[in-house]
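Beneath this line is the structure, given in structure tokens, with notes to follow.
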Amino acid sequence: MDHWRRLISVDPRLVAPVCAGAIEYEAQTGSLVRVTCGIRTYKEQQALYAAGKTKTMHSYHLKGLAIDLAIIRDGEALWDFDLYRALNYCIQDAADAFDVSITWGGHWTPLSDAVHWQLEAVPLYTA
């Protein structure tokens, strides 16, 4: 259950539908869904950027507006895109029920991020 601690300080408008969708996905598939990242510090983002694991220093994770998840089966993390697409359907259904707009990173091109969900319609930076 330690993975849920990664949601501390993440916007509850995102947490509620992502958790509800993850629970539904687990019920449908028997797989587990685990939180790998919620909010990040600027220093953590810098390290990921330097390592080439992110392409931006303007991440929604810095503001607590993004969550990364992993699907686990038989103790192993699975990275098959279609599994995350199915998880996204569950999360989007929950987002509709909560009347929240959530973007899935799996829809992005050319750099898809299938493990990432973020709260939309929230400005990250003001001019």
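Please note that chains go A, B, ... in the order of the structure tokens, that every chain numbers its residues from 1, and that ligands are numbered from 1 in the order shown.
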
List every residue of segment 42-80 of chain A that DSSP, applied to the backbone of this structure, assigns to strand (DSSP E), and report them as a compact mmCIF listing (two decimals) with C-alpha atoms, in the first residue's frame.
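Result file states-v1.txt:
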```txt
# COMPACT_ATOMS: atom_id res chain seq x y z
CA ALA A 66 -0.31 14.16 -13.01
CA ILE A 67 -0.12 10.52 -12.02
CA ASP A 68 1.92 7.68 -13.51
CA LEU A 69 0.72 4.11 -13.05
CA ALA A 70 2.07 0.61 -13.62
CA ILE A 71 0.09 -2.53 -14.33
CA ILE A 72 1.33 -5.54 -12.36
CA ARG A 73 0.57 -9.19 -13.06
CA GLU A 76 5.91 -8.24 -12.85
CA ALA A 77 5.27 -4.78 -14.29
CA LEU A 78 3.74 -4.96 -17.74
```

Determine, using only C-alpha atoms, which residues of segment 31-89 of chain A have any atom at most 12 Å from an atom of segment 107-116 of chain A, and tabulate each with its shortest atom pair and distance in Å to one decimal place, rows ordered by chain and then rising number, as a Markdown table.
```
| residue | atom | partner | partner_atom | distance |
| --- | --- | --- | --- | --- |
| A:Val33 | CA | A:Val115 | CA | 10.6 |
| A:Arg34 | CA | A:Val115 | CA | 10.5 |
| A:Val35 | CA | A:Val115 | CA | 9.6 |
| A:Thr36 | CA | A:Val115 | CA | 9.0 |
| A:Cys37 | CA | A:His116 | CA | 9.0 |
| A:Gly38 | CA | A:His116 | CA | 9.8 |
| A:Lys53 | CA | A:Asp113 | CA | 10.9 |
| A:Thr54 | CA | A:Asp113 | CA | 9.8 |
| A:Lys55 | CA | A:Leu111 | CA | 9.1 |
| A:Thr56 | CA | A:Leu111 | CA | 11.6 |
| A:Ser59 | CA | A:His116 | CA | 11.0 |
| A:Tyr60 | CA | A:His116 | CA | 10.1 |
| A:His61 | CA | A:His116 | CA | 9.8 |
| A:Leu65 | CA | A:His116 | CA | 10.6 |
| A:Ala66 | CA | A:His116 | CA | 7.0 |
| A:Ile67 | CA | A:His116 | CA | 5.9 |
| A:Asp68 | CA | A:His116 | CA | 4.5 |
| A:Leu69 | CA | A:Val115 | CA | 5.2 |
| A:Ala70 | CA | A:Val115 | CA | 6.5 |
| A:Ile71 | CA | A:Val115 | CA | 8.8 |
| A:Ala77 | CA | A:Val115 | CA | 11.4 |
| A:Leu78 | CA | A:Val115 | CA | 10.5 |
| A:Trp79 | CA | A:Val115 | CA | 8.4 |
| A:Asp80 | CA | A:Ala114 | CA | 8.9 |
| A:Phe81 | CA | A:Ala114 | CA | 6.4 |
| A:Asp82 | CA | A:Ala114 | CA | 9.1 |
| A:Leu83 | CA | A:Ala114 | CA | 9.2 |
| A:Tyr84 | CA | A:Ala114 | CA | 6.0 |
| A:Arg85 | CA | A:Ala114 | CA | 7.5 |
| A:Ala86 | CA | A:Ala114 | CA | 10.7 |
| A:Leu87 | CA | A:Val115 | CA | 9.5 |
| A:Asn88 | CA | A:Ala114 | CA | 8.8 |
```

Could you take the residues named above and write them with C-alpha atoms, as a short mmCIF file (atom, residue, chain, number, x, y, z; two decimals), in the first residue's frame?
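New file selection_35.cif:
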```
data_model
loop_
_atom_site.label_atom_id
_atom_site.label_comp_id
_atom_site.auth_asym_id
_atom_site.auth_seq_id
_atom_site.Cartn_x
_atom_site.Cartn_y
_atom_site.Cartn_z
CA VAL A 33 -2.44 -1.12 -10.68
CA ARG A 34 0.25 0.69 -8.76
CA VAL A 35 1.14 4.37 -8.52
CA THR A 36 4.70 4.96 -9.67
CA CYS A 37 4.70 8.75 -9.51
CA GLY A 38 2.52 11.59 -8.29
CA LYS A 53 13.56 10.01 -18.98
CA THR A 54 11.44 13.10 -19.58
CA LYS A 55 11.46 15.65 -22.37
CA THR A 56 10.23 18.64 -20.37
CA SER A 59 5.72 18.66 -16.16
CA TYR A 60 2.26 18.50 -14.65
CA HIS A 61 3.91 16.32 -11.97
CA LEU A 65 -1.59 17.49 -11.62
CA ALA A 66 -0.31 14.16 -13.01
CA ILE A 67 -0.12 10.52 -12.02
CA ASP A 68 1.92 7.68 -13.51
CA LEU A 69 0.72 4.11 -13.05
CA ALA A 70 2.07 0.61 -13.62
CA ILE A 71 0.09 -2.53 -14.33
CA ALA A 77 5.27 -4.78 -14.29
CA LEU A 78 3.74 -4.96 -17.74
CA TRP A 79 4.35 -2.29 -20.37
CA ASP A 80 2.11 -3.45 -23.23
CA PHE A 81 0.40 -0.36 -24.68
CA ASP A 82 -2.94 -2.14 -25.15
CA LEU A 83 -3.14 -2.90 -21.42
CA TYR A 84 -2.77 0.80 -20.64
CA ARG A 85 -5.36 1.64 -23.30
CA ALA A 86 -7.82 -0.63 -21.45
CA LEU A 87 -6.87 1.00 -18.13
CA ASN A 88 -7.45 4.39 -19.72
#
```

Given only C-alpha atoms, how would the per-residue table for segment 71-127 of chain A near segment 8-15 of chain A read, listing every residue at most 9 Å away with its closest atom pair and distance in Å to one decimal, sorted by chain and number, as a Markdown table?
```
| residue | atom | partner | partner_atom | distance |
| --- | --- | --- | --- | --- |
| A:Ala95 | CA | A:Leu14 | CA | 8.3 |
| A:Phe98 | CA | A:Arg13 | CA | 8.2 |
| A:Val100 | CA | A:Arg13 | CA | 7.0 |
| A:Ser101 | CA | A:Leu14 | CA | 8.8 |
| A:Ile102 | CA | A:Leu14 | CA | 7.4 |
| A:Trp117 | CA | A:Leu14 | CA | 8.5 |
| A:Gln118 | CA | A:Leu14 | CA | 7.2 |
| A:Leu119 | CA | A:Leu14 | CA | 5.8 |
```

Dump of N, CA, C and O atoms for the selected residues, as a PDB file, in the first residue's frame:
```pdb
ATOM      1  N   ALA A  95     -13.657   9.385 -14.848  1.00  0.00           N
ATOM      2  CA  ALA A  95     -13.542  10.843 -15.002  1.00  0.00           C
ATOM      3  C   ALA A  95     -14.879  11.440 -15.439  1.00  0.00           C
ATOM      4  O   ALA A  95     -15.283  12.502 -14.940  1.00  0.00           O
ATOM      5  N   PHE A  98     -17.099  11.655 -12.488  1.00  0.00           N
ATOM      6  CA  PHE A  98     -16.681  12.730 -11.589  1.00  0.00           C
ATOM      7  C   PHE A  98     -16.754  14.109 -12.259  1.00  0.00           C
ATOM      8  O   PHE A  98     -16.432  15.110 -11.639  1.00  0.00           O
ATOM      9  N   VAL A 100     -14.812  15.332 -14.645  1.00  0.00           N
ATOM     10  CA  VAL A 100     -13.452  15.856 -14.697  1.00  0.00           C
ATOM     11  C   VAL A 100     -12.846  15.505 -16.055  1.00  0.00           C
ATOM     12  O   VAL A 100     -13.109  14.425 -16.585  1.00  0.00           O
ATOM     13  N   SER A 101     -12.042  16.389 -16.591  1.00  0.00           N
ATOM     14  CA  SER A 101     -11.359  16.128 -17.858  1.00  0.00           C
ATOM     15  C   SER A 101      -9.922  15.690 -17.580  1.00  0.00           C
ATOM     16  O   SER A 101      -9.139  16.443 -16.991  1.00  0.00           O
ATOM     17  N   ILE A 102      -9.612  14.465 -17.989  1.00  0.00           N
ATOM     18  CA  ILE A 102      -8.283  13.897 -17.780  1.00  0.00           C
ATOM     19  C   ILE A 102      -7.700  13.510 -19.138  1.00  0.00           C
ATOM     20  O   ILE A 102      -8.387  12.887 -19.953  1.00  0.00           O
ATOM     21  N   TRP A 117      -1.335  10.056 -16.725  1.00  0.00           N
ATOM     22  CA  TRP A 117      -2.632  10.731 -16.782  1.00  0.00           C
ATOM     23  C   TRP A 117      -2.484  12.083 -16.113  1.00  0.00           C
ATOM     24  O   TRP A 117      -1.783  12.216 -15.111  1.00  0.00           O
ATOM     25  N   GLN A 118      -3.128  13.115 -16.692  1.00  0.00           N
ATOM     26  CA  GLN A 118      -3.035  14.445 -16.105  1.00  0.00           C
ATOM     27  C   GLN A 118      -4.367  15.170 -16.162  1.00  0.00           C
ATOM     28  O   GLN A 118      -5.195  14.918 -17.029  1.00  0.00           O
ATOM     29  N   LEU A 119      -4.540  16.067 -15.194  1.00  0.00           N
ATOM     30  CA  LEU A 119      -5.737  16.878 -15.090  1.00  0.00           C
ATOM     31  C   LEU A 119      -5.669  17.962 -16.147  1.00  0.00           C
ATOM     32  O   LEU A 119      -4.647  18.641 -16.282  1.00  0.00           O
TER      33      LEU A 119
END
```

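Counting only C-alpha atoms and comparing A:Trp104, A:Ala94, A:Gly75, A:Glu120, the residue that lies closest to Leu32 of chain A is A:Gly75.
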
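As for atom CA of Arg40 of chain A and atom CA of Asp93 of chain A, they are spaced 26.5 Å apart.
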
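For the set A:Glu24, A:Gly52, A:Arg6, A:Ser31, the residue with the smallest atom-to-atom gap to Asp74 of chain A is A:Ser31, counting only C-alpha atoms.
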
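For segment 48-117 of chain A, the set of residues given alpha helix (DSSP H) by DSSP on the backbone reads Leu48, Tyr49, Ala50, Phe81, Asp82, Leu83, Tyr84, Arg85, Ala86, Leu87, Asn88, Tyr89, Cys90, Ile91, Gln92, Asp93, Ala94, Ala95, Asp96, Ala97 and Phe98 of chain A.
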
Q | Selected residue, from A:Ile39, A:Ala50, A:Cys90, A:Leu7, that lies nearest to Glu26 of chain A when counting only C-alpha atoms | A | A:Cys90

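Proximity to Met57 of chain A was assessed for A:Gln45, A:Gln28, A:Gln92, A:Thr103 counting only C-alpha atoms; the smallest distance is recorded for A:Gln45.
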
Q. Quick one: of A:Thr41, A:Gly30, A:Gly64, A:Gly21, who's nearest to Ala97 of chain A, counting only C-alpha atoms?
A. A:Gly21

Q.
For a quick check of understanding, using only C-alpha atoms, which of A:Leu48, A:Tyr89, A:Asp96, A:Gly105 has the smallest distance to Tyr25 of chain A?
A. A:Tyr89
